[in-house]
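S.K.: This one is coords19.tsv, TSV, C-alpha atoms.
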chain	number	residue	atom	x	y	z
A	1	MET	CA	221.71	-48.49	136.89
A	2	ALA	CA	218.47	-46.60	137.36
A	3	LEU	CA	216.51	-49.20	135.44
A	4	VAL	CA	217.33	-52.20	137.62
A	5	SER	CA	214.19	-53.95	138.87
A	6	ARG	CA	212.04	-51.78	136.65
A	7	GLU	CA	209.75	-52.77	133.79
A	8	VAL	CA	210.69	-51.21	130.48
A	9	LEU	CA	208.70	-51.09	127.26
A	10	VAL	CA	210.75	-51.21	124.09
A	11	GLU	CA	209.58	-50.54	120.56
A	12	TYR	CA	212.05	-51.81	117.98
A	13	ASP	CA	212.78	-50.00	114.77
A	14	VAL	CA	211.29	-52.64	112.51
A	15	GLY	CA	208.37	-52.93	110.12
A	16	GLY	CA	205.02	-54.53	110.77
A	17	PRO	CA	202.46	-53.69	113.42
A	18	ARG	CA	203.46	-51.53	116.33
A	19	LEU	CA	204.40	-53.61	119.35
A	20	TRP	CA	205.89	-52.71	122.71
A	21	HIS	CA	208.09	-55.49	124.08
A	22	GLU	CA	208.13	-55.50	127.84
A	23	ARG	CA	211.38	-56.22	129.65
A	24	HIS	CA	212.12	-56.72	133.32
A	25	VAL	CA	215.57	-55.37	134.08
A	26	LEU	CA	217.60	-57.77	136.23
A	27	GLU	CA	221.12	-56.41	136.29
A	28	HIS	CA	223.14	-53.47	135.15
A	29	ILE	CA	226.22	-54.34	133.13
A	30	GLN	CA	227.78	-51.11	131.95
A	31	GLY	CA	226.56	-47.85	130.47
A	32	ASP	CA	223.14	-48.53	128.97
A	33	ASN	CA	223.64	-52.28	128.88
A	34	TYR	CA	221.40	-54.33	131.10
A	35	VAL	CA	220.47	-57.95	131.65
A	36	VAL	CA	216.77	-58.29	130.94
A	37	VAL	CA	214.13	-60.98	131.03
A	38	THR	CA	211.46	-61.23	128.34
A	39	PRO	CA	207.81	-62.36	128.44
A	40	ASP	CA	209.00	-65.77	127.25
A	41	ARG	CA	211.45	-65.96	130.18
A	42	ASP	CA	214.48	-65.58	127.97
A	43	ILE	CA	217.39	-63.75	129.56
A	44	PHE	CA	219.94	-61.73	127.61
A	45	SER	CA	221.79	-58.46	127.61
A	46	GLU	CA	220.39	-55.46	125.82
A	47	GLU	CA	221.36	-51.84	125.35
A	48	LEU	CA	218.42	-49.84	126.71
A	49	GLY	CA	219.36	-46.42	125.46
A	50	LEU	CA	218.86	-43.94	122.69
A	51	LEU	CA	222.18	-44.90	121.13
A	52	ASN	CA	220.88	-48.34	120.27
A	53	PRO	CA	219.91	-48.04	116.57
A	54	ASP	CA	217.53	-51.01	116.85
A	55	ILE	CA	215.27	-49.18	119.26
A	56	ARG	CA	212.71	-46.62	118.17
A	57	HIS	CA	211.13	-45.78	121.52
A	58	ILE	CA	211.64	-46.67	125.14
A	59	ARG	CA	209.18	-46.14	127.98
A	60	VAL	CA	209.67	-47.01	131.60
A	61	ARG	CA	206.60	-48.15	133.48
A	62	PRO	CA	205.95	-45.69	136.32
A	63	GLY	CA	204.76	-48.59	138.44
A	64	PRO	CA	203.55	-52.16	138.12
A	65	GLY	CA	200.66	-52.36	135.69
A	66	ILE	CA	200.73	-48.63	134.88
A	67	VAL	CA	200.83	-47.80	131.20
A	68	PRO	CA	203.03	-44.82	130.31
A	69	GLY	CA	201.58	-41.99	128.24
A	70	GLY	CA	201.51	-42.50	124.49
A	71	VAL	CA	201.41	-46.28	124.77
A	72	ASN	CA	198.38	-48.24	123.65
A	73	PRO	CA	197.86	-51.06	126.18
A	74	ALA	CA	196.60	-53.32	123.41
A	75	GLN	CA	199.98	-53.04	121.70
A	76	ILE	CA	202.06	-54.31	124.62
A	77	TYR	CA	203.53	-57.77	124.64
A	78	GLY	CA	203.63	-57.84	128.39
A	79	LEU	CA	205.47	-59.87	130.96
A	80	PRO	CA	203.61	-62.65	132.75
A	81	VAL	CA	203.36	-62.57	136.53
A	82	PHE	CA	206.59	-64.15	137.68
A	83	THR	CA	206.49	-66.25	140.82
A	84	ALA	CA	208.89	-65.62	143.69
A	85	ALA	CA	210.71	-68.83	142.83
A	86	GLU	CA	211.15	-67.69	139.26
A	87	MET	CA	212.47	-64.32	140.38
A	88	VAL	CA	215.06	-66.04	142.55
A	89	GLN	CA	216.09	-68.19	139.60
A	90	PHE	CA	216.56	-65.13	137.41
B	1	MET	CA	212.58	-40.70	121.21
B	2	ASP	CA	209.66	-38.67	120.11
B	3	VAL	CA	206.54	-38.08	122.13
B	4	VAL	CA	203.35	-39.66	120.85
B	5	PHE	CA	200.22	-37.78	121.77
B	6	PRO	CA	197.09	-39.87	122.07
B	7	PHE	CA	195.10	-37.54	119.83
B	8	MET	CA	197.61	-38.08	117.03
B	9	LEU	CA	197.21	-41.85	117.03
B	10	LYS	CA	194.19	-41.80	114.78
B	11	SER	CA	195.21	-39.40	112.07
B	12	THR	CA	193.94	-38.75	108.57
B	13	LYS	CA	196.53	-41.18	107.24
B	14	GLY	CA	194.01	-43.97	107.58
B	15	MET	CA	191.59	-42.05	105.40
B	16	GLY	CA	194.09	-41.76	102.59
B	17	LEU	CA	194.75	-38.13	103.45
B	18	ASN	CA	198.39	-37.91	104.34
B	19	SER	CA	198.26	-34.59	106.16
B	20	GLY	CA	198.56	-36.02	109.68
B	21	LEU	CA	195.71	-33.82	110.90
B	22	PRO	CA	193.23	-35.38	113.29
B	23	PRO	CA	190.21	-36.40	111.20
B	24	TYR	CA	187.70	-34.67	113.38
B	25	LEU	CA	189.35	-31.30	112.67
B	26	LEU	CA	189.07	-31.90	108.95
B	27	LEU	CA	185.51	-33.08	109.33
B	28	LEU	CA	184.66	-30.08	111.43
B	29	GLY	CA	186.04	-27.74	108.77
B	30	VAL	CA	184.14	-29.38	105.95
B	31	SER	CA	180.94	-29.52	107.99
B	32	HIS	CA	181.36	-25.86	108.73
B	33	LEU	CA	181.59	-25.12	105.03
B	34	GLY	CA	178.49	-27.23	104.42
B	35	LEU	CA	176.58	-25.36	107.09
B	36	LEU	CA	177.67	-22.02	105.69
B	37	ALA	CA	176.49	-23.10	102.25
B	38	GLY	CA	173.14	-24.14	103.71
B	39	LEU	CA	172.82	-20.85	105.55
B	40	GLY	CA	173.64	-18.97	102.36
B	41	ILE	CA	170.98	-20.85	100.45
B	42	THR	CA	168.41	-20.14	103.12
B	43	ILE	CA	169.20	-16.43	103.18
B	44	TRP	CA	169.11	-16.30	99.41
B	45	ASN	CA	165.72	-18.00	99.28
B	46	GLN	CA	164.40	-15.78	102.01
B	47	ARG	CA	165.44	-12.69	100.11
B	48	GLN	CA	163.83	-14.02	96.96
B	49	ILE	CA	160.56	-14.68	98.76
B	50	SER	CA	160.70	-11.27	100.40
B	51	GLU	CA	161.12	-9.59	97.02
B	52	GLN	CA	158.19	-11.56	95.66
B	53	LEU	CA	156.08	-10.47	98.61
B	54	ASP	CA	157.04	-6.83	97.98
B	55	GLY	CA	155.91	-7.20	94.40
B	56	LEU	CA	152.68	-8.78	95.48
B	57	SER	CA	151.94	-6.09	98.05
B	58	GLU	CA	152.58	-3.46	95.40
B	59	LEU	CA	150.14	-5.22	93.11
B	60	VAL	CA	147.54	-5.40	95.86
B	61	ALA	CA	147.99	-1.71	96.69
B	62	THR	CA	147.60	-0.75	93.04
B	63	HIS	CA	144.51	-2.91	92.78
B	64	HIS	CA	142.93	-1.26	95.83
B	65	ARG	CA	143.65	2.22	94.53
B	66	VAL	CA	141.99	1.44	91.22
B	67	GLU	CA	139.01	-0.41	92.70
B	68	PRO	CA	137.01	2.56	94.27
B	69	GLY	CA	137.04	4.66	91.14
B	70	GLY	CA	135.25	2.23	88.97
B	71	GLY	CA	135.89	-0.73	86.85
B	72	GLY	CA	133.44	-2.69	88.95
B	73	PRO	CA	130.71	-4.58	87.20
B	74	GLY	CA	127.61	-2.46	86.65
B	75	LYS	CA	129.25	0.76	87.83
B	76	PRO	CA	129.96	3.70	85.62
B	77	ASP	CA	133.58	4.37	84.86
B	78	SER	CA	134.55	7.63	86.53
B	79	GLY	CA	137.74	7.91	84.58
B	80	VAL	CA	140.00	7.74	87.65
B	81	SER	CA	141.23	4.32	86.75
B	82	SER	CA	142.51	5.52	83.44
B	83	ALA	CA	145.07	7.61	85.29
B	84	PHE	CA	146.61	4.43	86.68
B	85	ASP	CA	146.41	2.49	83.47
B	86	ARG	CA	149.46	4.01	81.92
B	87	GLY	CA	151.08	0.71	81.21
B	88	PRO	CA	150.16	-2.91	81.10
B	89	ARG	CA	149.23	-4.25	84.52
B	90	LYS	CA	151.74	-6.60	86.16
B	91	SER	CA	150.17	-9.87	87.04
B	92	LEU	CA	151.34	-12.22	89.80
B	93	GLU	CA	152.90	-14.56	87.24
B	94	ASP	CA	154.84	-11.68	85.66
B	95	VAL	CA	156.35	-10.64	88.98
B	96	SER	CA	157.26	-14.18	89.89
B	97	ARG	CA	158.77	-14.84	86.50
B	98	VAL	CA	160.95	-11.74	86.52
B	99	GLU	CA	162.24	-12.35	90.04
B	100	THR	CA	162.80	-16.03	89.47
B	101	GLU	CA	164.54	-15.59	86.15
B	102	TRP	CA	166.92	-13.12	87.68
B	103	ASN	CA	167.82	-15.43	90.57
B	104	SER	CA	167.28	-18.92	89.29
B	105	GLY	CA	170.68	-19.35	87.68
B	106	SER	CA	172.81	-18.30	90.61
B	107	ALA	CA	170.50	-19.87	93.18
B	108	ALA	CA	170.61	-23.19	91.38
B	109	GLY	CA	174.40	-23.06	91.22
B	110	PHE	CA	174.64	-22.14	94.84
B	111	SER	CA	172.26	-24.91	95.83
B	112	LEU	CA	174.28	-27.39	93.78
B	113	VAL	CA	177.52	-26.40	95.51
B	114	GLY	CA	175.82	-26.60	98.90
B	115	ALA	CA	174.41	-30.02	98.11
B	116	LEU	CA	177.80	-31.24	96.89
B	117	VAL	CA	179.56	-29.99	100.00
B	118	SER	CA	176.91	-31.54	102.23
B	119	THR	CA	177.18	-34.86	100.39
B	120	LEU	CA	180.96	-34.77	100.62
B	121	THR	CA	180.75	-34.07	104.32
B	122	PHE	CA	178.36	-36.94	104.78
B	123	LEU	CA	180.59	-39.33	102.84
B	124	LEU	CA	183.65	-38.20	104.78
B	125	ALA	CA	181.82	-38.71	108.06
B	126	ILE	CA	180.77	-42.21	107.02
B	127	GLY	CA	184.31	-43.03	105.85
B	128	TRP	CA	185.84	-41.70	109.03
B	129	TRP	CA	183.37	-43.62	111.14
B	130	PHE	CA	184.07	-46.91	109.32
B	131	ASN	CA	187.81	-46.33	109.53
B	132	ARG	CA	187.62	-45.61	113.24
B	133	ARG	CA	185.41	-48.63	113.81
B	134	ARG	CA	187.87	-50.85	111.95
B	135	GLN	CA	190.75	-49.55	114.06
B	136	VAL	CA	188.82	-50.15	117.27
B	137	VAL	CA	187.92	-53.68	116.17
B	138	GLU	CA	191.57	-54.39	115.32
B	139	THR	CA	192.74	-53.03	118.66
B	140	GLU	CA	190.17	-55.02	120.55
B	141	ALA	CA	190.83	-58.18	118.59
B	142	SER	CA	194.55	-58.30	119.17
B	143	PRO	CA	194.57	-58.97	122.92
B	144	ARG	CA	192.09	-61.76	122.47
B	145	SER	CA	194.55	-63.74	120.35
B	146	PRO	CA	197.26	-64.78	122.81
B	147	GLY	CA	199.66	-66.01	120.19
B	148	TYR	CA	199.44	-62.88	118.07
B	149	HIS	CA	201.78	-60.66	120.11
B	150	ARG	CA	204.26	-63.47	120.57
B	151	GLU	CA	204.30	-64.15	116.85
B	152	VAL	CA	204.79	-60.46	116.01
B	153	ALA	CA	207.50	-60.11	118.66
B	154	GLN	CA	209.39	-63.11	117.31
B	155	ARG	CA	209.11	-61.82	113.78
B	156	GLN	CA	210.40	-58.38	114.75
B	157	LEU	CA	213.36	-59.77	116.67
B	158	ALA	CA	214.18	-62.13	113.82
B	159	GLU	CA	214.20	-59.15	111.48
B	160	LEU	CA	216.57	-57.32	113.81
B	161	ARG	CA	218.90	-60.30	113.99
B	162	LEU	CA	218.84	-60.66	110.24
B	163	ARG	CA	219.58	-56.99	109.74
B	164	LYS	CA	222.44	-57.07	112.20
B	165	TYR	CA	224.15	-60.36	111.59
B	166	GLY	CA	222.74	-61.80	108.37
B	167	PHE	CA	221.67	-65.41	107.86
B	168	GLY	CA	222.90	-68.28	110.03
B	169	GLN	CA	223.70	-66.22	113.14
B	170	SER	CA	221.82	-66.41	116.40
B	171	ARG	CA	223.66	-64.11	118.81
B	172	GLY	CA	222.97	-60.47	119.49
B	173	VAL	CA	219.38	-59.57	120.20
B	174	GLY	CA	217.95	-62.28	122.35
B	175	GLY	CA	214.68	-64.09	122.30
B	176	VAL	CA	211.35	-62.57	123.16
Before we go any further, please render this structure as structure tokens.

M.R.:
Amino acid sequence: MALVSREVLVEYDVGGPRLWHERHVLEHIQGDNYVVVTPDRDIFSEELGLLNPDIRHIRVRPGPGIVPGGVNPAQIYGLPVFTAAEMVQF
Amino acid sequence: MDVVFPFMLKSTKGMGLNSGLPPYLLLLGVSHLGLLAGLGITIWNQRQISEQLDGLSELVATHHRVEPGGGGPGKPDSGVSSAFDRGPRKSLEDVSRVETEWNSGSAAGFSLVGALVSTLTFLLAIGWWFNRRRQVVETEASPRSPGYHREVAQRQLAELRLRKYGFGQSRGVGGV
């Protein structure tokens, strides 16, 4: 619930280069499950918690455009600037 | 979730040293050793020169003591000099040779170790610098390629889907 309308950075537990996937949290479903929107405007549900085995790290952006500690800005696949119309559609 | 400290991001792993120590700490340690070796060599050489100077001053003193008594050209020998001529006179070359022979072996070894350590330090510094430069170039290059992050993100999510559901399934982790 606390993550609704926040931007979250997720690092998945996969190989390859380190990449933080940014998510905008739209709705809370239950427990750690949220509806999120991705940089490519895809919408789906995702478990944003430590119990999700697919996730290695999670960081919550302290504010818009602020990079949390320990995150390299060059390694973020960030969200585009959504328009007001787009936000309503989400 | 573990905490990632910024100073741990560039570790010695990139240098082929899997200790996880920051490279500048390692470099600092090795440089310190190199400096100590250099200091040791300098002190050693200084001591050697000082001993040579002592020998020389002794020679000069002996020479001055002998000089007034005689031995000069055209002067009668008073016999005083014979009291000092108990043994063969040490020449400058003799003194130098004795001192140098005694020290040359260890000094050469010490110098060799110092030179090796200094060279190693220099090579490590160059390697670390190139490694760091490469990392910086990579980091700077990635944001300039807009499709790069998207491609990596898609690949990672595809890997997750594959791991979770196998081939031919599309549900679960969503798109990027």

S.K.: Could you please determine the separation between CA of Asp54 (chain A) and CA of Tyr12 (chain A) in Å, to one decimal place?

M.R.: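 Straight-line distance from CA of Asp54 (chain A) to CA of Tyr12 (chain A) works out to 5.7 Å.
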
S.K.: Neighbouring residues of region 56-63 of chain A were defined as those with any atom within 12 Å, considering only C-alpha atoms; residues of the same chain fewer than 6 positions away were excluded. Please report them as a ChimeraX atom specification.

M.R.: /A:2-15,18-25,47-50,69-73,76,78 /B:1-4

S.K.: Just the selected residues (C-alpha atoms), exported as an mmCIF file, keeping the file's coordinate frame, please.

M.R.:
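What follows is the written file result35.cif:
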data_model
loop_
_atom_site.group_PDB
_atom_site.id
_atom_site.type_symbol
_atom_site.label_atom_id
_atom_site.label_comp_id
_atom_site.auth_asym_id
_atom_site.auth_seq_id
_atom_site.Cartn_x
_atom_site.Cartn_y
_atom_site.Cartn_z
ATOM 1 C CA ALA A 2 218.470 -46.600 137.360
ATOM 2 C CA LEU A 3 216.510 -49.200 135.440
ATOM 3 C CA VAL A 4 217.330 -52.200 137.620
ATOM 4 C CA SER A 5 214.190 -53.950 138.870
ATOM 5 C CA ARG A 6 212.040 -51.780 136.650
ATOM 6 C CA GLU A 7 209.750 -52.770 133.790
ATOM 7 C CA VAL A 8 210.690 -51.210 130.480
ATOM 8 C CA LEU A 9 208.700 -51.090 127.260
ATOM 9 C CA VAL A 10 210.750 -51.210 124.090
ATOM 10 C CA GLU A 11 209.580 -50.540 120.560
ATOM 11 C CA TYR A 12 212.050 -51.810 117.980
ATOM 12 C CA ASP A 13 212.780 -50.000 114.770
ATOM 13 C CA VAL A 14 211.290 -52.640 112.510
ATOM 14 C CA GLY A 15 208.370 -52.930 110.120
ATOM 15 C CA ARG A 18 203.460 -51.530 116.330
ATOM 16 C CA LEU A 19 204.400 -53.610 119.350
ATOM 17 C CA TRP A 20 205.890 -52.710 122.710
ATOM 18 C CA HIS A 21 208.090 -55.490 124.080
ATOM 19 C CA GLU A 22 208.130 -55.500 127.840
ATOM 20 C CA ARG A 23 211.380 -56.220 129.650
ATOM 21 C CA HIS A 24 212.120 -56.720 133.320
ATOM 22 C CA VAL A 25 215.570 -55.370 134.080
ATOM 23 C CA GLU A 47 221.360 -51.840 125.350
ATOM 24 C CA LEU A 48 218.420 -49.840 126.710
ATOM 25 C CA GLY A 49 219.360 -46.420 125.460
ATOM 26 C CA LEU A 50 218.860 -43.940 122.690
ATOM 27 C CA GLY A 69 201.580 -41.990 128.240
ATOM 28 C CA GLY A 70 201.510 -42.500 124.490
ATOM 29 C CA VAL A 71 201.410 -46.280 124.770
ATOM 30 C CA ASN A 72 198.380 -48.240 123.650
ATOM 31 C CA PRO A 73 197.860 -51.060 126.180
ATOM 32 C CA ILE A 76 202.060 -54.310 124.620
ATOM 33 C CA GLY A 78 203.630 -57.840 128.390
ATOM 34 C CA MET B 1 212.580 -40.700 121.210
ATOM 35 C CA ASP B 2 209.660 -38.670 120.110
ATOM 36 C CA VAL B 3 206.540 -38.080 122.130
ATOM 37 C CA VAL B 4 203.350 -39.660 120.850
#

S.K.: Kindly provide, as a list in words, the residues of chain A having any atom no farther than 6 Å from an atom of chain B, counting all atoms listed in the file.

M.R.: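 Therefore, the residues near the partner are Thr38, Asp40, Asp42, Phe44, His57, Gly70 and Tyr77 of chain A.
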
S.K.: Report, in Å to a single decimal, how far apart CA of Val117 (chain B) and CA of Leu39 (chain B) are.

M.R.: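 A separation of 12.6 Å between them.
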
S.K.: Pick out the closest residue to Leu33 (chain B) from this set: B:Val113, B:Ala158, B:Gly166, B:Phe130. Count all atoms listed in the file.

M.R.: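 Looking only at the distances to Leu33 (chain B), the closest residue turns out to be B:Val113.
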
S.K.: So that I can check the surroundings of Leu26 (chain A), please list as a PyMOL selection string every protein, DNA and RNA residue that reaches within 8 Å of it, counting all atoms listed in the file and ignoring chain neighbours fewer than 5 positions away.

M.R.: chain A and resi 4-5+34-37+90
